[in-house]
>>> print(open('coords.cif').read())   # mmCIF, C-alpha atoms, pLDDT in the B column; chains and numbers go by the auth columns
data_entry
#
loop_
_atom_site.group_PDB
_atom_site.id
_atom_site.type_symbol
_atom_site.label_atom_id
_atom_site.label_comp_id
_atom_site.label_asym_id
_atom_site.label_seq_id
_atom_site.Cartn_x
_atom_site.Cartn_y
_atom_site.Cartn_z
_atom_site.B_iso_or_equiv
_atom_site.auth_seq_id
_atom_site.auth_asym_id
ATOM 1 C CA GLN A 1 82.922 78.724 104.425 60.00 180 L
ATOM 2 C CA LYS A 2 85.313 80.031 101.811 71.00 181 L
ATOM 3 C CA GLU A 3 88.182 82.184 103.022 86.00 182 L
ATOM 4 C CA VAL A 4 87.152 85.161 100.878 92.00 183 L
ATOM 5 C CA GLU A 5 83.598 85.845 99.735 93.00 184 L
ATOM 6 C CA GLN A 6 82.699 88.346 97.050 94.00 185 L
ATOM 7 C CA ASP A 7 79.326 88.873 95.424 88.00 186 L
ATOM 8 C CA PRO A 8 79.911 88.179 91.708 84.00 187 L
ATOM 9 C CA GLY A 9 77.183 90.600 90.618 86.00 188 L
ATOM 10 C CA PRO A 10 76.863 91.764 87.921 94.00 189 L
ATOM 11 C CA LEU A 11 76.379 95.357 88.989 96.00 190 L
ATOM 12 C CA SER A 12 75.138 98.026 86.589 97.00 191 L
ATOM 13 C CA VAL A 13 75.103 101.725 87.520 97.00 192 L
ATOM 14 C CA PRO A 14 74.631 105.035 85.694 97.00 193 L
ATOM 15 C CA GLU A 15 77.595 107.296 85.037 97.00 194 L
ATOM 16 C CA GLY A 16 78.375 109.493 88.019 97.00 195 L
ATOM 17 C CA ALA A 17 77.049 107.053 90.612 97.00 196 L
ATOM 18 C CA ILE A 18 78.960 106.084 93.731 97.00 197 L
ATOM 19 C CA VAL A 19 79.860 102.412 93.567 97.00 198 L
ATOM 20 C CA SER A 20 80.454 100.229 96.602 96.00 199 L
ATOM 21 C CA LEU A 21 82.167 96.862 96.194 97.00 200 L
ATOM 22 C CA ASN A 22 82.628 94.546 99.163 96.00 201 L
ATOM 23 C CA CYS A 23 84.335 91.387 100.321 96.00 202 L
ATOM 24 C CA THR A 24 84.110 89.437 103.535 96.00 203 L
ATOM 25 C CA TYR A 25 86.677 87.034 104.861 94.00 204 L
ATOM 26 C CA SER A 26 86.954 84.425 107.566 91.00 205 L
ATOM 27 C CA ASN A 27 90.651 84.420 108.491 86.00 206 L
ATOM 28 C CA SER A 28 91.198 87.105 111.124 85.00 207 L
ATOM 29 C CA ALA A 29 94.964 86.935 110.596 83.00 208 L
ATOM 30 C CA PHE A 30 94.856 88.458 107.097 87.00 209 L
ATOM 31 C CA GLN A 31 97.053 91.560 107.095 84.00 210 L
ATOM 32 C CA TYR A 32 97.353 92.891 103.538 86.00 211 L
ATOM 33 C CA PHE A 33 94.293 93.735 101.469 90.00 212 L
ATOM 34 C CA MET A 34 94.224 94.514 97.781 91.00 213 L
ATOM 35 C CA TRP A 35 91.776 95.479 95.085 95.00 214 L
ATOM 36 C CA TYR A 36 92.385 94.647 91.449 95.00 215 L
ATOM 37 C CA ARG A 37 90.680 95.795 88.276 97.00 216 L
ATOM 38 C CA GLN A 38 90.505 93.450 85.315 96.00 217 L
ATOM 39 C CA TYR A 39 89.339 94.597 81.919 95.00 218 L
ATOM 40 C CA SER A 40 87.969 92.031 79.515 91.00 219 L
ATOM 41 C CA ARG A 41 90.732 89.894 77.966 88.00 220 L
ATOM 42 C CA LYS A 42 93.423 91.530 80.102 92.00 221 L
ATOM 43 C CA GLY A 43 95.389 90.613 83.185 93.00 222 L
ATOM 44 C CA PRO A 44 94.374 92.040 86.579 94.00 223 L
ATOM 45 C CA GLU A 45 95.988 95.316 87.592 93.00 224 L
ATOM 46 C CA LEU A 46 96.609 96.335 91.171 90.00 225 L
ATOM 47 C CA LEU A 47 94.341 99.237 92.048 93.00 226 L
ATOM 48 C CA MET A 48 94.586 99.711 95.796 90.00 227 L
ATOM 49 C CA TYR A 49 96.659 98.191 98.553 86.00 228 L
ATOM 50 C CA THR A 50 96.104 98.624 102.278 85.00 229 L
ATOM 51 C CA TYR A 51 97.769 97.198 105.327 79.00 230 L
ATOM 52 C CA SER A 52 95.627 96.293 108.353 76.00 231 L
ATOM 53 C CA SER A 53 92.581 98.456 109.195 79.00 232 L
ATOM 54 C CA GLY A 54 91.644 101.924 108.019 83.00 233 L
ATOM 55 C CA ASN A 55 90.968 103.894 104.870 89.00 234 L
ATOM 56 C CA LYS A 56 93.113 104.709 101.879 91.00 235 L
ATOM 57 C CA GLU A 57 92.182 107.158 99.175 94.00 236 L
ATOM 58 C CA ASP A 58 93.553 107.504 95.652 93.00 237 L
ATOM 59 C CA GLY A 59 91.698 109.899 93.394 96.00 238 L
ATOM 60 C CA ARG A 60 88.139 108.642 92.930 97.00 239 L
ATOM 61 C CA PHE A 61 88.902 105.370 94.702 97.00 240 L
ATOM 62 C CA THR A 62 88.736 104.691 98.450 96.00 241 L
ATOM 63 C CA ALA A 63 89.627 101.364 100.036 96.00 242 L
ATOM 64 C CA GLN A 64 88.312 100.608 103.493 95.00 243 L
ATOM 65 C CA VAL A 65 89.236 97.760 105.827 94.00 244 L
ATOM 66 C CA ASP A 66 87.257 96.826 108.921 92.00 245 L
ATOM 67 C CA LYS A 67 89.135 93.981 110.580 90.00 246 L
ATOM 68 C CA SER A 68 86.674 93.741 113.485 90.00 247 L
ATOM 69 C CA SER A 69 83.913 92.849 111.019 92.00 248 L
ATOM 70 C CA LYS A 70 86.250 91.051 108.556 93.00 249 L
ATOM 71 C CA TYR A 71 84.936 93.265 105.808 93.00 250 L
ATOM 72 C CA ILE A 72 86.656 95.287 103.120 96.00 251 L
ATOM 73 C CA SER A 73 85.189 97.767 100.672 96.00 252 L
ATOM 74 C CA LEU A 74 86.157 99.670 97.562 97.00 253 L
ATOM 75 C CA PHE A 75 84.278 102.885 96.809 97.00 254 L
ATOM 76 C CA ILE A 76 84.350 104.520 93.398 97.00 255 L
ATOM 77 C CA ARG A 77 83.130 108.109 93.284 97.00 256 L
ATOM 78 C CA ASP A 78 81.828 109.774 90.115 97.00 257 L
ATOM 79 C CA SER A 79 81.973 106.476 88.269 97.00 258 L
ATOM 80 C CA GLN A 80 82.878 106.569 84.578 97.00 259 L
ATOM 81 C CA PRO A 81 82.203 104.169 81.697 97.00 260 L
ATOM 82 C CA SER A 82 85.947 103.472 81.712 97.00 261 L
ATOM 83 C CA ASP A 83 85.491 101.955 85.198 97.00 262 L
ATOM 84 C CA SER A 84 83.515 99.108 83.624 97.00 263 L
ATOM 85 C CA ALA A 85 85.525 96.013 84.511 97.00 264 L
ATOM 86 C CA THR A 86 85.669 93.100 86.902 96.00 265 L
ATOM 87 C CA TYR A 87 86.934 94.028 90.364 97.00 266 L
ATOM 88 C CA LEU A 88 88.664 91.445 92.510 96.00 267 L
ATOM 89 C CA CYS A 89 89.573 91.657 96.151 96.00 268 L
ATOM 90 C CA ALA A 90 92.566 89.769 97.513 92.00 269 L
ATOM 91 C CA MET A 91 94.303 89.321 100.828 89.00 270 L
ATOM 92 C CA THR A 92 97.270 87.500 102.256 83.00 271 L
ATOM 93 C CA PRO A 93 97.118 84.659 104.760 69.00 272 L
ATOM 94 C CA PRO A 94 99.347 84.963 107.828 59.00 273 L
ATOM 95 C CA GLN A 95 102.171 82.819 106.499 57.00 274 L
ATOM 96 C CA GLY A 96 102.524 84.584 103.202 54.00 275 L
ATOM 97 C CA GLY A 97 103.358 87.985 101.798 58.00 276 L
ATOM 98 C CA SER A 98 102.434 89.400 98.437 56.00 277 L
ATOM 99 C CA GLU A 99 103.453 86.152 96.801 61.00 278 L
ATOM 100 C CA LYS A 100 100.611 84.159 98.387 71.00 279 L
ATOM 101 C CA LEU A 101 97.291 85.858 97.832 81.00 280 L
ATOM 102 C CA VAL A 102 93.751 84.581 98.255 87.00 281 L
ATOM 103 C CA PHE A 103 91.347 86.139 95.777 91.00 282 L
ATOM 104 C CA GLY A 104 87.624 86.743 95.768 93.00 283 L
ATOM 105 C CA LYS A 105 85.823 85.581 92.640 92.00 284 L
ATOM 106 C CA GLY A 106 85.400 89.092 91.307 94.00 285 L
ATOM 107 C CA MET A 107 82.430 91.363 90.649 95.00 286 L
ATOM 108 C CA LYS A 108 81.605 92.570 87.141 95.00 287 L
ATOM 109 C CA LEU A 109 80.762 96.282 87.084 97.00 288 L
ATOM 110 C CA THR A 110 79.169 98.130 84.173 97.00 289 L
ATOM 111 C CA VAL A 111 78.921 101.933 84.217 97.00 290 L
ATOM 112 C CA ASN A 112 76.374 103.121 81.700 96.00 291 L
ATOM 113 C CA PRO A 113 76.836 106.510 79.982 95.00 292 L
ATOM 114 C CA GLU B 1 108.224 100.271 80.642 86.00 50 Q
ATOM 115 C CA ALA B 2 107.414 97.805 83.440 85.00 51 Q
ATOM 116 C CA GLN B 3 106.271 94.629 81.824 92.00 52 Q
ATOM 117 C CA VAL B 4 105.432 90.968 82.364 96.00 53 Q
ATOM 118 C CA THR B 5 105.393 88.975 79.148 96.00 54 Q
ATOM 119 C CA GLN B 6 103.941 85.549 78.582 97.00 55 Q
ATOM 120 C CA ASN B 7 104.248 83.226 75.634 97.00 56 Q
ATOM 121 C CA PRO B 8 102.360 81.828 73.924 97.00 57 Q
ATOM 122 C CA ARG B 9 99.197 83.896 74.321 96.00 58 Q
ATOM 123 C CA TYR B 10 96.987 81.153 72.907 97.00 59 Q
ATOM 124 C CA LEU B 11 97.654 77.435 72.742 96.00 60 Q
ATOM 125 C CA ILE B 12 95.649 74.416 71.653 97.00 61 Q
ATOM 126 C CA THR B 13 97.209 71.069 72.451 96.00 62 Q
ATOM 127 C CA VAL B 14 96.302 67.444 73.026 96.00 63 Q
ATOM 128 C CA THR B 15 96.263 65.371 76.182 97.00 64 Q
ATOM 129 C CA GLY B 16 99.699 64.221 77.251 96.00 65 Q
ATOM 130 C CA LYS B 17 101.814 66.500 75.074 97.00 66 Q
ATOM 131 C CA LYS B 18 104.270 68.358 77.282 97.00 67 Q
ATOM 132 C CA LEU B 19 104.193 72.124 77.051 97.00 68 Q
ATOM 133 C CA THR B 20 105.870 75.132 78.608 98.00 69 Q
ATOM 134 C CA VAL B 21 104.451 78.608 79.073 98.00 70 Q
ATOM 135 C CA THR B 22 107.167 81.189 79.506 98.00 71 Q
ATOM 136 C CA CYS B 23 107.012 84.240 81.760 98.00 72 Q
ATOM 137 C CA SER B 24 109.498 87.059 81.930 98.00 73 Q
ATOM 138 C CA GLN B 25 109.588 90.337 83.903 97.00 74 Q
ATOM 139 C CA ASN B 26 111.852 93.365 83.479 94.00 75 Q
ATOM 140 C CA MET B 27 111.441 94.942 86.931 91.00 76 Q
ATOM 141 C CA ASN B 28 113.968 92.898 88.912 91.00 77 Q
ATOM 142 C CA HIS B 29 111.170 91.701 91.210 90.00 78 Q
ATOM 143 C CA GLU B 30 111.950 88.890 93.592 89.00 79 Q
ATOM 144 C CA TYR B 31 108.414 87.513 93.808 90.00 80 Q
ATOM 145 C CA MET B 32 106.742 85.772 90.908 93.00 81 Q
ATOM 146 C CA SER B 33 103.575 83.683 90.751 94.00 82 Q
ATOM 147 C CA TRP B 34 101.403 81.655 88.427 96.00 83 Q
ATOM 148 C CA TYR B 35 97.610 81.714 88.575 96.00 84 Q
ATOM 149 C CA ARG B 36 94.816 80.091 86.682 97.00 85 Q
ATOM 150 C CA GLN B 37 91.449 81.760 86.212 95.00 86 Q
ATOM 151 C CA ASP B 38 88.298 79.741 85.639 94.00 87 Q
ATOM 152 C CA PRO B 39 84.654 80.872 85.427 89.00 88 Q
ATOM 153 C CA GLY B 40 82.962 80.637 88.794 84.00 89 Q
ATOM 154 C CA LEU B 41 86.235 79.802 90.558 88.00 90 Q
ATOM 155 C CA GLY B 42 88.135 83.056 90.203 88.00 91 Q
ATOM 156 C CA LEU B 43 91.919 83.327 90.357 91.00 92 Q
ATOM 157 C CA ARG B 44 93.742 80.477 92.037 92.00 93 Q
ATOM 158 C CA GLN B 45 97.440 80.346 92.688 92.00 94 Q
ATOM 159 C CA ILE B 46 99.376 77.439 91.179 95.00 95 Q
ATOM 160 C CA TYR B 47 102.965 78.103 92.293 94.00 96 Q
ATOM 161 C CA TYR B 48 104.959 81.033 93.542 92.00 97 Q
ATOM 162 C CA SER B 49 108.608 81.910 93.877 93.00 98 Q
ATOM 163 C CA MET B 50 110.254 84.231 96.380 88.00 99 Q
ATOM 164 C CA ASN B 51 113.608 84.274 94.650 90.00 100 Q
ATOM 165 C CA VAL B 52 115.939 82.331 92.367 92.00 101 Q
ATOM 166 C CA GLU B 53 115.779 78.614 93.162 92.00 102 Q
ATOM 167 C CA VAL B 54 113.048 79.208 95.794 91.00 103 Q
ATOM 168 C CA THR B 55 109.596 77.997 94.795 93.00 104 Q
ATOM 169 C CA ASP B 56 106.552 76.734 96.672 91.00 105 Q
ATOM 170 C CA LYS B 57 103.135 75.318 95.948 92.00 106 Q
ATOM 171 C CA GLY B 58 100.053 77.470 95.787 89.00 107 Q
ATOM 172 C CA ASP B 59 96.490 76.238 96.080 88.00 108 Q
ATOM 173 C CA VAL B 60 96.287 74.113 92.915 94.00 109 Q
ATOM 174 C CA PRO B 61 99.778 72.774 92.068 96.00 110 Q
ATOM 175 C CA GLU B 62 98.805 69.296 90.859 96.00 111 Q
ATOM 176 C CA GLY B 63 99.867 68.642 87.287 97.00 112 Q
ATOM 177 C CA TYR B 64 102.198 71.639 87.103 98.00 113 Q
ATOM 178 C CA LYS B 65 105.904 72.268 87.556 97.00 114 Q
ATOM 179 C CA VAL B 66 107.889 75.474 87.737 97.00 115 Q
ATOM 180 C CA SER B 67 111.511 76.496 87.863 95.00 116 Q
ATOM 181 C CA ARG B 68 113.288 79.736 88.735 96.00 117 Q
ATOM 182 C CA LYS B 69 116.838 79.603 87.457 96.00 118 Q
ATOM 183 C CA GLU B 70 117.023 83.317 86.698 96.00 119 Q
ATOM 184 C CA LYS B 71 115.366 86.198 88.485 95.00 120 Q
ATOM 185 C CA ARG B 72 113.528 87.451 85.415 96.00 121 Q
ATOM 186 C CA ASN B 73 112.076 84.132 84.193 97.00 122 Q
ATOM 187 C CA PHE B 74 109.506 81.812 85.749 98.00 123 Q
ATOM 188 C CA PRO B 75 108.259 79.185 83.261 98.00 124 Q
ATOM 189 C CA LEU B 76 105.223 77.005 83.914 98.00 125 Q
ATOM 190 C CA ILE B 77 105.534 73.407 82.740 98.00 126 Q
ATOM 191 C CA LEU B 78 102.705 70.980 82.100 97.00 127 Q
ATOM 192 C CA GLU B 79 104.400 67.575 81.774 95.00 128 Q
ATOM 193 C CA SER B 80 101.251 65.712 80.701 97.00 129 Q
ATOM 194 C CA PRO B 81 98.386 68.142 80.131 97.00 130 Q
ATOM 195 C CA SER B 82 94.824 66.991 80.683 97.00 131 Q
ATOM 196 C CA PRO B 83 91.508 68.608 79.668 97.00 132 Q
ATOM 197 C CA ASN B 84 90.897 69.863 83.222 96.00 133 Q
ATOM 198 C CA GLN B 85 93.927 72.125 82.759 98.00 134 Q
ATOM 199 C CA THR B 86 92.079 74.047 80.073 98.00 135 Q
ATOM 200 C CA SER B 87 92.097 77.531 81.544 97.00 136 Q
ATOM 201 C CA LEU B 88 93.353 81.093 81.376 97.00 137 Q
ATOM 202 C CA TYR B 89 96.799 81.389 82.950 98.00 138 Q
ATOM 203 C CA PHE B 90 98.410 84.500 84.380 97.00 139 Q
ATOM 204 C CA CYS B 91 101.950 85.109 85.500 97.00 140 Q
ATOM 205 C CA ALA B 92 102.608 87.916 87.986 94.00 141 Q
ATOM 206 C CA SER B 93 105.630 89.570 89.542 93.00 142 Q
ATOM 207 C CA SER B 94 105.619 91.760 92.626 88.00 143 Q
ATOM 208 C CA PHE B 95 107.624 93.806 95.089 81.00 144 Q
ATOM 209 C CA LEU B 96 106.670 94.414 98.695 68.00 145 Q
ATOM 210 C CA GLY B 97 108.670 96.887 100.659 61.00 146 Q
ATOM 211 C CA GLN B 98 108.900 100.347 102.161 58.00 147 Q
ATOM 212 C CA GLY B 99 105.145 100.318 102.750 60.00 148 Q
ATOM 213 C CA GLN B 100 104.426 99.932 99.066 65.00 149 Q
ATOM 214 C CA GLU B 101 103.281 97.058 96.999 74.00 150 Q
ATOM 215 C CA THR B 102 103.679 96.867 93.267 82.00 151 Q
ATOM 216 C CA GLN B 103 102.416 93.951 91.299 85.00 152 Q
ATOM 217 C CA TYR B 104 102.061 93.357 87.613 92.00 153 Q
ATOM 218 C CA PHE B 105 100.216 90.615 85.811 94.00 154 Q
ATOM 219 C CA GLY B 106 101.042 89.345 82.370 95.00 155 Q
ATOM 220 C CA PRO B 107 98.460 89.467 79.560 95.00 156 Q
ATOM 221 C CA GLY B 108 97.408 85.848 80.046 96.00 157 Q
ATOM 222 C CA THR B 109 97.770 82.571 78.170 97.00 158 Q
ATOM 223 C CA ARG B 110 94.591 80.879 77.049 97.00 159 Q
ATOM 224 C CA LEU B 111 95.142 77.111 76.974 97.00 160 Q
ATOM 225 C CA LEU B 112 92.831 74.497 75.487 97.00 161 Q
ATOM 226 C CA VAL B 113 93.690 70.840 76.082 97.00 162 Q
ATOM 227 C CA LEU B 114 91.797 68.429 73.850 96.00 163 Q
#
>>> encode(input="coords.cif", output="structure tokens")
Amino acid sequence: QKEVEQDPGPLSVPEGAIVSLNCTYSNSAFQYFMWYRQYSRKGPELLMYTYSSGNKEDGRFTAQVDKSSKYISLFIRDSQPSDSATYLCAMTPPQGGSEKLVFGKGMKLTVNP
Amino acid sequence: EAQVTQNPRYLITVTGKKLTVTCSQNMNHEYMSWYRQDPGLGLRQIYYSMNVEVTDKGDVPEGYKVSRKEKRNFPLILESPSPNQTSLYFCASSFLGQGQETQYFGPGTRLLVL
């Protein structure tokens, strides 16, 4: 079993939809959880960062961590065509900090106007 | 403006010809990393550095070298490139502290080894 699993999609939704992106992981010691957005032909950009369990909200984006289920989610409310990108989850193993991340493979999202 | 720069952006080379991809950041970050991104495999870490003269292997270090002589620069060296190193490479720098994480990726270097 891979350390981090992410459905690669692709996922296509209409503008205004609520989008739910998910990752599961196997290492219960992961502490830091991140979501990245990567536009085509660009480097990833850090979107959300959470420590341990709980929710974090930033505008239309909400990151959720459920350590008991080893499951993290990113919700996008009122999705826009500009949200079309590949979304990657990432987390740190117990011996590393932000410098040693394990990434999911990324899910490609398309928001149709 | 916070920035991570990489050069070159595109490179075609032949097997065995040594090359260096440069990476520079202007944010005074301590942490820097190199990743490669391949279809179906996602982002995989090659090497990382926690400070000047402190580097360590990531998940796929074979065939690569790095050095960190200055805080702002973290070059990636391929001593004898092979076709399986054809990939998209990203450099990143980050800061973790005070409950905040900031991380920036460079624009990527697309490498083709013939």
>>> resolve_selection(input="coords.cif", expression="the PyMOL selection byres ((chain L) within 10 of (chain Q))", output="list in words")
Pro187, Tyr211, Met213, Arg220, Lys221, Gly222, Pro223, Glu224, Leu225, Leu226, Met227, Tyr228, Thr229, Tyr230, Leu267, Ala269, Gly276, Ser277, Glu278, Lys279, Leu280, Val281, Phe282, Gly283, Lys284 and Gly285 of chain L
>>> resolve_selection(input="coords.cif", expression="the PyMOL selection byres ((chain Q and resi 126) around 7)", output="PyMOL selection string")
chain Q and resi 68-70+113-115+124-125+127-128
>>> atom_distance(input="coords.cif", atom1="CA of Glu236 in chain L", atom2="CA of Ser248 in chain L")
20.3 Å
>>> residues_around(input="coords.cif", residues="Phe240 in chain L", least_positions_apart="2", cutoff="12 Å", atoms="only C-alpha atoms", output="list in words")
Ile197, Val198, Ser199, Leu200, Trp214, Tyr215, Arg216, Leu226, Met227, Tyr228, Asn234, Lys235, Glu236, Asp237, Gly238, Ala242, Gln243, Ser252, Leu253, Phe254, Ile255, Arg256, Asp257, Ser258, Gln259 and Asp262 of chain L
>>> atom_distance(input="coords.cif", atom1="CA of Lys118 in chain Q", atom2="CA of Thr104 in chain Q")
10.4 Å
>>> closest_residue(input="coords.cif", among="Q:Pro132, Q:Phe123, Q:Lys66, Q:Leu163", to="Val53 in chain Q", atoms="only C-alpha atoms")
Q:Phe123
>>> residues_around(input="coords.cif", residues="Val162 in chain Q", least_positions_apart="4", cutoff="8 Å", atoms="all atoms listed in the file", output="list in words")
Ile61, Thr62, Val63, Thr64, Pro130, Ser131, Pro132, Asn133, Gln134 and Thr135 of chain Q
>>> atom_distance(input="coords.cif", atom1="CA of Lys287 in chain L", atom2="CA of Leu161 in chain Q")
24.3 Å
>>> decode(input="coords.cif", residues="range 188-197 of chain L", atoms="all heavy atoms", output="PDB file, in the first residue's frame")
ATOM      1  N   GLY L 188      -8.537  11.123 -10.843  1.00  0.00           N
ATOM      2  CA  GLY L 188      -9.612  11.707 -11.626  1.00  0.00           C
ATOM      3  C   GLY L 188      -9.496  11.315 -13.088  1.00  0.00           C
ATOM      4  O   GLY L 188      -9.107  10.186 -13.393  1.00  0.00           O
ATOM      5  N   PRO L 189      -9.833  12.179 -14.046  1.00  0.00           N
ATOM      6  CA  PRO L 189     -10.143  13.596 -13.835  1.00  0.00           C
ATOM      7  C   PRO L 189     -11.559  13.817 -13.325  1.00  0.00           C
ATOM      8  O   PRO L 189     -12.385  12.947 -13.415  1.00  0.00           O
ATOM      9  CB  PRO L 189      -9.966  14.188 -15.231  1.00  0.00           C
ATOM     10  CG  PRO L 189     -10.310  13.058 -16.150  1.00  0.00           C
ATOM     11  CD  PRO L 189      -9.845  11.808 -15.474  1.00  0.00           C
ATOM     12  N   LEU L 190     -11.761  15.025 -12.770  1.00  0.00           N
ATOM     13  CA  LEU L 190     -13.049  15.412 -12.243  1.00  0.00           C
ATOM     14  C   LEU L 190     -13.507  16.658 -12.985  1.00  0.00           C
ATOM     15  O   LEU L 190     -12.760  17.629 -13.092  1.00  0.00           O
ATOM     16  CB  LEU L 190     -12.933  15.706 -10.743  1.00  0.00           C
ATOM     17  CG  LEU L 190     -14.180  16.188 -10.021  1.00  0.00           C
ATOM     18  CD1 LEU L 190     -15.259  15.111 -10.050  1.00  0.00           C
ATOM     19  CD2 LEU L 190     -13.849  16.575  -8.572  1.00  0.00           C
ATOM     20  N   SER L 191     -14.741  16.620 -13.488  1.00  0.00           N
ATOM     21  CA  SER L 191     -15.296  17.748 -14.221  1.00  0.00           C
ATOM     22  C   SER L 191     -16.600  18.158 -13.562  1.00  0.00           C
ATOM     23  O   SER L 191     -17.472  17.310 -13.340  1.00  0.00           O
ATOM     24  CB  SER L 191     -15.531  17.364 -15.685  1.00  0.00           C
ATOM     25  OG  SER L 191     -16.024  18.457 -16.416  1.00  0.00           O
ATOM     26  N   VAL L 192     -16.727  19.457 -13.232  1.00  0.00           N
ATOM     27  CA  VAL L 192     -17.921  19.943 -12.533  1.00  0.00           C
ATOM     28  C   VAL L 192     -18.387  21.236 -13.189  1.00  0.00           C
ATOM     29  O   VAL L 192     -17.602  21.937 -13.837  1.00  0.00           O
ATOM     30  CB  VAL L 192     -17.640  20.194 -11.035  1.00  0.00           C
ATOM     31  CG1 VAL L 192     -17.162  18.914 -10.353  1.00  0.00           C
ATOM     32  CG2 VAL L 192     -16.652  21.318 -10.828  1.00  0.00           C
ATOM     33  N   PRO L 193     -19.658  21.591 -13.010  1.00  0.00           N
ATOM     34  CA  PRO L 193     -20.127  22.884 -13.530  1.00  0.00           C
ATOM     35  C   PRO L 193     -19.742  24.008 -12.571  1.00  0.00           C
ATOM     36  O   PRO L 193     -19.569  23.796 -11.357  1.00  0.00           O
ATOM     37  CB  PRO L 193     -21.650  22.700 -13.578  1.00  0.00           C
ATOM     38  CG  PRO L 193     -21.937  21.694 -12.521  1.00  0.00           C
ATOM     39  CD  PRO L 193     -20.757  20.778 -12.473  1.00  0.00           C
ATOM     40  N   GLU L 194     -19.640  25.193 -13.119  1.00  0.00           N
ATOM     41  CA  GLU L 194     -19.331  26.374 -12.300  1.00  0.00           C
ATOM     42  C   GLU L 194     -20.344  26.504 -11.181  1.00  0.00           C
ATOM     43  O   GLU L 194     -21.536  26.284 -11.370  1.00  0.00           O
ATOM     44  CB  GLU L 194     -19.356  27.618 -13.184  1.00  0.00           C
ATOM     45  CG  GLU L 194     -18.975  28.902 -12.479  1.00  0.00           C
ATOM     46  CD  GLU L 194     -18.898  30.083 -13.449  1.00  0.00           C
ATOM     47  OE1 GLU L 194     -19.023  29.862 -14.677  1.00  0.00           O
ATOM     48  OE2 GLU L 194     -18.702  31.225 -12.980  1.00  0.00           O
ATOM     49  N   GLY L 195     -19.856  26.830  -9.994  1.00  0.00           N
ATOM     50  CA  GLY L 195     -20.728  26.996  -8.837  1.00  0.00           C
ATOM     51  C   GLY L 195     -20.879  25.752  -7.986  1.00  0.00           C
ATOM     52  O   GLY L 195     -21.404  25.816  -6.877  1.00  0.00           O
ATOM     53  N   ALA L 196     -20.417  24.625  -8.475  1.00  0.00           N
ATOM     54  CA  ALA L 196     -20.544  23.368  -7.724  1.00  0.00           C
ATOM     55  C   ALA L 196     -19.611  23.373  -6.510  1.00  0.00           C
ATOM     56  O   ALA L 196     -18.609  24.088  -6.472  1.00  0.00           O
ATOM     57  CB  ALA L 196     -20.223  22.185  -8.625  1.00  0.00           C
ATOM     58  N   ILE L 197     -19.964  22.533  -5.548  1.00  0.00           N
ATOM     59  CA  ILE L 197     -19.052  22.272  -4.425  1.00  0.00           C
ATOM     60  C   ILE L 197     -18.186  21.073  -4.813  1.00  0.00           C
ATOM     61  O   ILE L 197     -18.696  20.023  -5.194  1.00  0.00           O
ATOM     62  CB  ILE L 197     -19.824  21.966  -3.131  1.00  0.00           C
ATOM     63  CG1 ILE L 197     -20.638  23.186  -2.719  1.00  0.00           C
ATOM     64  CG2 ILE L 197     -18.862  21.557  -2.016  1.00  0.00           C
ATOM     65  CD1 ILE L 197     -21.550  22.937  -1.524  1.00  0.00           C
TER      66      ILE L 197
END
